[in-house]
file start-v1.tsv (TSV, C-alpha atoms)
chain	number	residue	atom	x	y	z
P	44	MET	CA	0.00	0.00	0.00
P	45	GLU	CA	0.96	3.62	-0.36
P	46	LEU	CA	0.15	6.68	1.72
P	47	ALA	CA	0.31	10.33	0.64
P	48	VAL	CA	-0.44	13.45	2.65
P	49	GLN	CA	-2.30	16.47	1.37
P	50	ASP	CA	-3.20	19.73	3.14
P	51	LEU	CA	-6.79	20.48	2.22
P	52	ASP	CA	-8.91	23.62	2.66
P	53	SER	CA	-9.91	24.76	6.15
P	54	GLY	CA	-6.97	23.10	7.86
P	55	VAL	CA	-8.15	19.59	7.10
P	56	LEU	CA	-5.39	17.01	6.76
P	57	GLY	CA	-5.97	14.66	3.85
P	58	ILE	CA	-4.41	11.21	3.94
P	59	ASN	CA	-4.67	9.37	0.65
P	60	LEU	CA	-4.39	5.61	0.91
P	61	SER	CA	-4.04	3.37	-2.10
P	62	GLY	CA	-3.79	-0.34	-2.68
P	63	ARG	CA	-4.97	-3.48	-1.01
P	64	MET	CA	-5.66	-3.04	2.71
P	65	ASP	CA	-5.12	-6.65	3.78
P	66	ILE	CA	-2.58	-7.64	6.44
P	67	ILE	CA	0.41	-7.13	4.15
P	68	GLY	CA	-0.79	-3.75	2.83
P	69	THR	CA	-1.89	-2.49	6.24
P	70	GLN	CA	1.51	-3.31	7.75
P	71	GLN	CA	3.11	-1.15	5.06
P	72	ILE	CA	1.23	2.01	6.05
P	73	ASP	CA	0.22	1.41	9.67
P	74	LEU	CA	3.10	3.13	11.45
P	75	LYS	CA	3.09	6.22	9.22
P	76	PHE	CA	-0.71	6.44	9.38
P	77	THR	CA	-0.65	6.23	13.17
P	78	MET	CA	2.06	8.91	13.42
P	79	LEU	CA	-0.02	11.25	11.27
P	80	VAL	CA	-3.42	10.59	12.82
P	81	SER	CA	-2.77	9.91	16.48
P	82	THR	CA	-0.06	12.32	17.57
P	83	ARG	CA	-1.89	15.66	17.44
P	84	LYS	CA	-5.42	17.05	17.35
P	85	ALA	CA	-6.63	17.39	13.77
P	86	GLN	CA	-9.46	17.04	11.33
P	87	ILE	CA	-8.46	14.07	9.23
P	88	LEU	CA	-9.97	13.12	5.89
P	89	VAL	CA	-8.90	9.59	4.94
P	90	ASP	CA	-9.28	9.31	1.17
P	91	LEU	CA	-10.13	5.67	0.43
P	92	SER	CA	-10.96	6.16	-3.25
P	93	ASN	CA	-7.85	4.26	-4.36
P	94	VAL	CA	-8.18	1.48	-1.80
P	95	THR	CA	-9.17	-1.56	-3.86
P	96	PHE	CA	-9.88	-3.95	-0.98
P	97	ILE	CA	-10.22	-3.79	2.79
P	98	ALA	CA	-10.07	-6.65	5.31
P	99	SER	CA	-10.70	-6.59	9.07
P	100	ILE	CA	-7.04	-5.79	9.74
P	101	GLY	CA	-7.44	-2.56	7.75
P	102	ILE	CA	-10.60	-1.71	9.66
P	103	ARG	CA	-8.66	-2.25	12.89
P	104	THR	CA	-6.16	0.44	11.85
P	105	LEU	CA	-8.93	2.89	10.92
P	106	VAL	CA	-10.84	2.32	14.18
P	107	SER	CA	-7.85	2.46	16.51
P	108	ASN	CA	-6.66	5.73	14.98
P	109	ALA	CA	-10.14	7.27	14.91
P	110	LYS	CA	-10.44	6.47	18.62
P	111	ALA	CA	-7.03	8.01	19.34
P	112	GLN	CA	-7.88	11.15	17.39
P	113	ARG	CA	-11.21	11.46	19.20
P	114	LEU	CA	-9.37	11.33	22.53
P	115	ARG	CA	-7.25	14.24	21.32
P	116	GLY	CA	-10.41	16.21	20.57
P	117	GLY	CA	-10.25	15.96	16.78
P	118	SER	CA	-12.11	13.80	14.30
P	119	MET	CA	-11.73	11.60	11.26
P	120	VAL	CA	-13.91	10.93	8.24
P	121	LEU	CA	-13.65	8.27	5.54
P	122	TYR	CA	-13.85	9.71	2.05
P	123	LYS	CA	-15.13	8.05	-1.13
P	124	PRO	CA	-14.64	4.33	-0.54
P	125	ASN	CA	-15.52	2.26	-3.60
P	126	ASN	CA	-18.71	0.17	-3.43
P	127	GLN	CA	-17.02	-3.01	-2.23
P	128	VAL	CA	-14.95	-1.27	0.43
P	129	GLU	CA	-18.02	0.62	1.63
P	130	GLU	CA	-20.03	-2.61	1.80
P	131	VAL	CA	-17.37	-4.11	4.08
P	132	LEU	CA	-17.30	-1.00	6.28
P	133	ARG	CA	-21.10	-1.01	6.59
P	134	ALA	CA	-21.24	-4.75	7.32
P	135	THR	CA	-19.19	-4.10	10.43
P	136	GLY	CA	-21.13	-0.97	11.44
P	137	ILE	CA	-18.14	1.33	10.90
P	138	ASP	CA	-20.35	3.89	9.15
P	139	THR	CA	-22.15	4.47	12.46
P	140	ILE	CA	-18.95	5.34	14.35
P	141	ILE	CA	-16.76	6.99	11.68
P	142	PRO	CA	-18.60	9.10	9.09
P	143	ILE	CA	-18.36	7.92	5.48
P	144	VAL	CA	-18.71	10.82	3.04
P	145	HIS	CA	-18.58	11.15	-0.72
P	146	ASP	CA	-17.98	14.87	-1.16
P	147	PHE	CA	-16.02	17.55	0.57
P	148	ASP	CA	-19.08	19.51	1.76
P	149	ALA	CA	-20.33	16.43	3.59
P	150	ALA	CA	-16.88	16.05	5.13
P	151	ARG	CA	-17.01	19.64	6.37
P	152	GLY	CA	-20.44	18.96	7.86
P	153	ALA	CA	-19.14	15.87	9.63
P	154	PHE	CA	-16.19	17.80	11.07
P	155	ALA	CA	-18.58	20.53	12.29
P	156	SER	CA	-20.69	18.04	14.24
P	157	PRO	CA	-18.48	15.12	15.21
W	134	MET	CA	-23.85	-31.44	-20.42
W	135	ALA	CA	-21.92	-29.08	-18.16
W	136	THR	CA	-18.65	-30.33	-16.70
W	137	GLU	CA	-17.98	-29.25	-13.13
W	138	MET	CA	-15.14	-26.75	-12.99
W	139	SER	CA	-12.62	-27.10	-10.20
W	140	SER	CA	-9.28	-25.70	-9.08
W	141	GLN	CA	-6.94	-26.29	-6.13
W	142	ILE	CA	-4.07	-24.60	-4.37
W	143	VAL	CA	-1.78	-25.87	-1.63
W	144	MET	CA	0.02	-23.21	0.38
W	145	GLN	CA	1.98	-22.83	3.57
W	146	ALA	CA	0.28	-20.90	6.39
W	147	LYS	CA	2.64	-17.93	6.05
W	148	LEU	CA	1.87	-14.29	5.31
W	149	GLU	CA	4.29	-14.27	2.38
W	150	GLN	CA	2.04	-16.79	0.66
W	151	LEU	CA	-1.02	-14.53	0.59
W	152	PRO	CA	-0.15	-13.05	-2.84
W	153	LYS	CA	-0.08	-16.61	-4.20
W	154	LEU	CA	-3.63	-17.05	-2.91
W	155	GLU	CA	-4.67	-13.79	-4.61
W	156	ARG	CA	-3.27	-14.98	-7.93
W	157	TRP	CA	-5.04	-18.32	-7.58
W	158	LEU	CA	-8.35	-16.55	-7.01
W	159	GLU	CA	-7.78	-14.27	-10.00
W	160	ALA	CA	-7.26	-17.31	-12.21
W	161	LEU	CA	-10.29	-19.04	-10.70
W	162	ALA	CA	-12.43	-15.97	-11.38
W	163	VAL	CA	-11.48	-16.06	-15.06
W	164	GLU	CA	-11.99	-19.80	-15.38
W	165	PHE	CA	-15.36	-19.76	-13.60
W	166	LEU	CA	-16.49	-16.49	-15.29
W	167	LEU	CA	-17.35	-14.99	-11.93
W	168	PRO	CA	-18.79	-11.48	-11.59
W	169	ALA	CA	-16.62	-9.00	-9.67
W	170	SER	CA	-19.03	-8.90	-6.72
W	171	VAL	CA	-18.73	-12.66	-6.17
W	172	VAL	CA	-14.94	-12.58	-6.57
W	173	HIS	CA	-14.81	-9.86	-3.92
W	174	ARG	CA	-16.89	-11.90	-1.47
W	175	ILE	CA	-14.68	-14.96	-1.95
W	176	ASP	CA	-11.52	-12.83	-1.72
W	177	LEU	CA	-12.65	-11.26	1.55
W	178	CYS	CA	-13.64	-14.56	3.18
W	179	LEU	CA	-10.46	-16.36	2.08
W	180	THR	CA	-8.29	-13.45	3.19
W	181	GLU	CA	-9.93	-13.33	6.61
W	182	LEU	CA	-9.84	-17.07	7.20
W	183	VAL	CA	-6.30	-17.66	5.98
W	184	THR	CA	-4.99	-14.60	7.86
W	185	ASN	CA	-6.72	-15.95	10.97
W	186	LEU	CA	-5.19	-19.35	10.45
W	187	ILE	CA	-1.70	-17.90	10.03
W	188	GLY	CA	-2.12	-15.84	13.22
W	189	TYR	CA	-3.81	-18.36	15.48
W	190	GLY	CA	-3.88	-21.79	13.83
W	191	TYR	CA	-0.40	-22.91	14.81
W	192	PRO	CA	0.41	-21.71	18.34
W	193	ASP	CA	3.35	-24.10	18.60
W	194	GLY	CA	5.15	-22.21	15.85
W	195	THR	CA	4.99	-24.86	13.15
W	196	VAL	CA	4.22	-23.72	9.62
W	197	GLY	CA	1.03	-25.43	8.59
W	198	THR	CA	-0.24	-26.54	5.23
W	199	VAL	CA	-3.48	-25.19	3.82
W	200	ARG	CA	-5.29	-26.82	0.92
W	201	ILE	CA	-7.97	-24.81	-0.82
W	202	HIS	CA	-10.31	-26.30	-3.36
W	203	GLY	CA	-12.79	-24.26	-5.36
W	204	TRP	CA	-15.48	-25.69	-7.57
W	205	ARG	CA	-18.45	-24.39	-9.42
W	206	GLN	CA	-21.92	-25.82	-9.46
W	207	ALA	CA	-24.77	-24.38	-11.48
W	208	GLU	CA	-25.59	-21.32	-9.45
W	209	GLN	CA	-22.96	-21.39	-6.75
W	210	VAL	CA	-19.26	-21.52	-6.06
W	211	LEU	CA	-17.96	-23.70	-3.23
W	212	ILE	CA	-14.64	-23.11	-1.55
W	213	ARG	CA	-13.23	-25.71	0.82
W	214	ILE	CA	-10.34	-24.86	3.14
W	215	GLU	CA	-8.51	-27.75	4.76
W	216	ASP	CA	-5.86	-27.05	7.37
W	217	ASP	CA	-3.78	-28.98	9.89
W	218	GLY	CA	-4.08	-26.39	12.66
W	219	VAL	CA	-5.83	-26.21	16.02
W	220	PRO	CA	-9.59	-26.76	16.14
W	221	PHE	CA	-11.57	-23.68	15.16
W	222	ASP	CA	-15.20	-23.62	14.10
W	223	PRO	CA	-16.19	-20.17	12.79
W	224	THR	CA	-19.83	-21.25	12.64
W	225	ALA	CA	-19.82	-21.57	16.44
W	226	TYR	CA	-17.83	-18.39	17.09
W	227	VAL	CA	-19.82	-15.59	18.71
W	228	SER	CA	-18.79	-12.30	17.09
W	229	PRO	CA	-18.83	-9.16	19.23
W	230	GLY	CA	-21.92	-6.99	18.65
W	231	LEU	CA	-21.87	-3.94	16.42
W	232	PRO	CA	-20.46	-0.86	18.13
W	233	SER	CA	-22.82	1.78	19.49
W	234	SER	CA	-20.17	4.50	19.61
W	235	LEU	CA	-16.58	5.09	18.63
W	236	ALA	CA	-15.56	5.26	22.28
W	237	GLU	CA	-17.06	1.84	22.97
W	238	ALA	CA	-15.99	0.20	19.73
W	239	ALA	CA	-13.52	-2.66	19.98
W	240	VAL	CA	-10.42	-2.14	17.92
W	241	GLY	CA	-10.46	-5.59	16.32
W	242	GLY	CA	-12.44	-8.82	16.15
W	243	ARG	CA	-14.41	-8.25	12.94
W	244	GLY	CA	-13.01	-10.96	10.67
W	245	ILE	CA	-15.46	-13.76	11.39
W	246	ARG	CA	-18.40	-11.36	11.25
W	247	LEU	CA	-17.30	-10.46	7.73
W	248	VAL	CA	-17.00	-14.11	6.72
W	249	ARG	CA	-20.51	-14.83	7.98
W	250	HIS	CA	-21.87	-11.78	6.24
W	251	PHE	CA	-20.25	-12.33	2.85
W	252	ALA	CA	-20.54	-16.12	2.53
W	253	ASP	CA	-24.02	-17.51	1.89
W	254	ALA	CA	-23.32	-20.60	3.98
W	255	LEU	CA	-20.51	-22.11	6.05
W	256	HIS	CA	-20.05	-25.72	7.04
W	257	HIS	CA	-17.30	-26.83	9.43
W	258	VAL	CA	-16.02	-30.34	10.03
W	259	ARG	CA	-13.44	-31.05	12.71
W	260	ARG	CA	-11.06	-33.69	11.47
W	261	VAL	CA	-8.42	-35.61	13.42
W	262	GLU	CA	-5.59	-33.62	11.86
W	263	GLY	CA	-7.25	-30.24	11.38
W	264	ASN	CA	-10.30	-28.43	10.11
W	265	GLU	CA	-12.34	-28.60	6.96
W	266	LEU	CA	-14.43	-25.53	6.23
W	267	THR	CA	-16.69	-25.24	3.21
W	268	LEU	CA	-18.03	-21.88	2.10
W	269	VAL	CA	-20.89	-21.42	-0.35
W	270	PHE	CA	-21.28	-18.36	-2.56
W	271	ARG	CA	-24.30	-17.96	-4.73
W	272	SER	CA	-23.42	-16.77	-8.20
W	273	PRO	CA	-25.23	-16.50	-11.51
W	274	GLY	CA	-24.56	-19.30	-14.02
W	275	ALA	CA	-21.41	-19.23	-16.10
W	276	GLY	CA	-21.48	-16.40	-18.58
W	277	ALA	CA	-24.80	-15.12	-17.25
W	278	HIS	CA	-24.96	-11.70	-15.66
W	279	SER	CA	-28.30	-11.80	-13.95
W	280	PRO	CA	-28.47	-9.28	-11.09
W	281	ALA	CA	-31.39	-11.27	-9.67
W	282	ALA	CA	-29.18	-14.29	-9.08
W	283	THR	CA	-26.74	-12.36	-6.92
W	284	ALA	CA	-29.57	-10.58	-5.14
W	285	ALA	CA	-31.28	-13.84	-4.16
W	286	ARG	CA	-28.90	-14.81	-1.40
W	287	GLU	CA	-31.09	-17.31	0.39
W	288	PRO	CA	-29.43	-19.85	2.63
W	289	VAL	CA	-28.57	-23.02	0.74
W	290	SER	CA	-28.64	-26.63	1.82
W	291	LEU	CA	-25.53	-26.52	4.01
W	292	ASP	CA	-25.82	-25.10	7.51
W	293	SER	CA	-26.58	-21.43	7.17
W	294	ALA	CA	-23.99	-19.10	8.57
W	295	ARG	CA	-26.49	-16.46	9.54

call {"tool": "encode", "arguments": {"input": "start-v1.tsv", "output": "structure tokens"}}
result
Amino acid sequence: MELAVQDLDSGVLGINLSGRMDIIGTQQIDLKFTMLVSTRKAQILVDLSNVTFIASIGIRTLVSNAKAQRLRGGSMVLYKPNNQVEEVLRATGIDTIIPIVHDFDAARGAFASP
Amino acid sequence: MATEMSSQIVMQAKLEQLPKLERWLEALAVEFLLPASVVHRIDLCLTELVTNLIGYGYPDGTVGTVRIHGWRQAEQVLIRIEDDGVPFDPTAYVSPGLPSSLAEAAVGGRGIRLVRHFADALHHVRRVEGNELTLVFRSPGAGAHSPAATAAREPVSLDSAR
């Protein structure tokens, strides 16, 4: 997997993930992702549009970092997962604890009312 | 008369072997003419179960052997995973409930829930030397792309996973 960082409007930190988020892919980005998400308060938009597949190990990384960011007083949203990735996230109820959004306005709304 | 299609892979229970499993499934998908949605469901279940097996199936540190057999019947694909690891029956496993809030959400423990959700049926047999788990995935007939067939995910004759 690959991870790229992007400063978005309104001070939102964009983290673009790409590739297959199984155990091998997740191990490749986990440390960097955790450093970016969990070490300071921020509004984090995790762009999943180039994630082709997600397994429970990838969900674990998203949930643990969303929890850590919440404890710091910030928040995280998941942006534009493809249909299959979104189906997996919804099957585990992730959409009810970390907002899933498909456009930037919805992301802003989610950050305004975490 | 249709001939039953079938394919097998034997792999070691090691993370480095997961890409080999991916390639096997890609070839199976082509051979069986499977729609992308069915391939994804099989991919997810196999990934979860084999990852689980690698992590927990061999607590004594041995590297196990996993045999996976896929075959196609008229409207379904069956995948059988045979291992030589410790007993584990995912049909009897009680998954944690869905989280009510981020604060209360468990960090992990979602793999078996996903398997039960994305497979149409699961059937486990404990054998002397390991486990035999058969997964059933409903799929439209070869070459057919009927959305109705994928939508109709009723439990089939094996023990329902849900």

call {"tool": "interface_residues", "arguments": {"input": "start-v1.tsv", "of": "chain P", "to": "chain W", "cutoff": "6 Å", "atoms": "only C-alpha atoms", "output": "VMD selection string"}}
result
chain P and resid 99 103 106 to 107 136 140

call {"tool": "atom_distance", "arguments": {"input": "start-v1.tsv", "atom1": "CA of Gly197 in chain W", "atom2": "CA of Arg259 in chain W"}}
result
16.1 Å

call {"tool": "atom_distance", "arguments": {"input": "start-v1.tsv", "atom1": "CA of Arg115 in chain P", "atom2": "CA of Lys84 in chain P"}}
result
5.2 Å

call {"tool": "atom_distance", "arguments": {"input": "start-v1.tsv", "atom1": "CA of Pro220 in chain W", "atom2": "CA of Gln150 in chain W"}}
result
21.8 Å

call {"tool": "residues_around", "arguments": {"input": "start-v1.tsv", "residues": "Ile66 in chain P", "least_positions_apart": "5", "cutoff": "8 Å", "atoms": "all atoms listed in the file", "output": "list of chain:residue names"}}
result
P:Ala98, P:Ile100, P:Gly101, W:Thr184

call {"tool": "write_last_selection", "arguments": {"input": "start-v1.tsv", "atoms": "C-alpha atoms", "output": "CSV table (one decimal), keeping the file's coordinate frame"}}
result
chain,number,residue,atom,x,y,z
P,98,ALA,CA,-10.1,-6.6,5.3
P,100,ILE,CA,-7.0,-5.8,9.7
P,101,GLY,CA,-7.4,-2.6,7.8
W,184,THR,CA,-5.0,-14.6,7.9

call {"tool": "closest_residue", "arguments": {"input": "start-v1.tsv", "among": "W:Asn264, W:Gln209, W:Gln145, W:Thr198", "to": "Ile175 in chain W", "atoms": "all atoms listed in the file"}}
result
W:Gln209

call {"tool": "residues_around", "arguments": {"input": "start-v1.tsv", "residues": "Asp222 in chain W", "least_positions_apart": "5", "cutoff": "10 Å", "atoms": "all atoms listed in the file", "output": "ChimeraX atom specification"}}
result
/W:255-259,264-266

call {"tool": "write_last_selection", "arguments": {"input": "start-v1.tsv", "atoms": "C-alpha atoms", "output": "CSV table (one decimal), keeping the file's coordinate frame"}}
result
chain,number,residue,atom,x,y,z
W,255,LEU,CA,-20.5,-22.1,6.0
W,256,HIS,CA,-20.0,-25.7,7.0
W,257,HIS,CA,-17.3,-26.8,9.4
W,258,VAL,CA,-16.0,-30.3,10.0
W,259,ARG,CA,-13.4,-31.0,12.7
W,264,ASN,CA,-10.3,-28.4,10.1
W,265,GLU,CA,-12.3,-28.6,7.0
W,266,LEU,CA,-14.4,-25.5,6.2

call {"tool": "closest_residue", "arguments": {"input": "start-v1.tsv", "among": "P:Val131, P:Met78, P:Ile87, P:Ile97", "to": "Ser53 in chain P", "atoms": "only C-alpha atoms"}}
result
P:Ile87

call {"tool": "closest_residue", "arguments": {"input": "start-v1.tsv", "among": "P:Thr104, P:Ala150, P:Pro142, P:Asp90", "to": "Lys123 in chain P", "atoms": "all atoms listed in the file"}}
result
P:Asp90

call {"tool": "closest_residue", "arguments": {"input": "start-v1.tsv", "among": "W:Leu167, W:Ala146, W:Val219, W:Leu158", "to": "Ala207 in chain W", "atoms": "all atoms listed in the file"}}
result
W:Leu167

call {"tool": "closest_residue", "arguments": {"input": "start-v1.tsv", "among": "P:Ala85, P:Val94, P:Val55, P:Val128", "to": "Gly116 in chain P", "atoms": "all atoms listed in the file"}}
result
P:Ala85

call {"tool": "closest_residue", "arguments": {"input": "start-v1.tsv", "among": "W:Asn185, W:Asp216, W:Val227, W:Leu179", "to": "Val269 in chain W", "atoms": "all atoms listed in the file"}}
result
W:Leu179

call {"tool": "residues_near_point", "arguments": {"input": "start-v1.tsv", "point": "(-14.0, 14.3, 10.2)", "cutoff": "7 Å", "atoms": "all atoms listed in the file", "output": "ChimeraX atom specification"}}
result
/P:86-88,118-120,150,153-154,157

call {"tool": "residues_around", "arguments": {"input": "start-v1.tsv", "residues": "Ser61 in chain P", "least_positions_apart": "6", "cutoff": "6 Å", "atoms": "all atoms listed in the file", "output": "list in words"}}
result
Met44, Glu45, Asn93 and Val94 of chain P

call {"tool": "axis_aligned_box", "arguments": {"input": "start-v1.tsv", "around": "range 185-203 of chain W", "padding_each_side": "6 Å", "output": "lines of an AutoDock Vina configuration file"}}
result
center_x = -3.8
center_y = -21.3
center_z = 6.6
size_x = 29.9
size_y = 23.0
size_z = 36.0
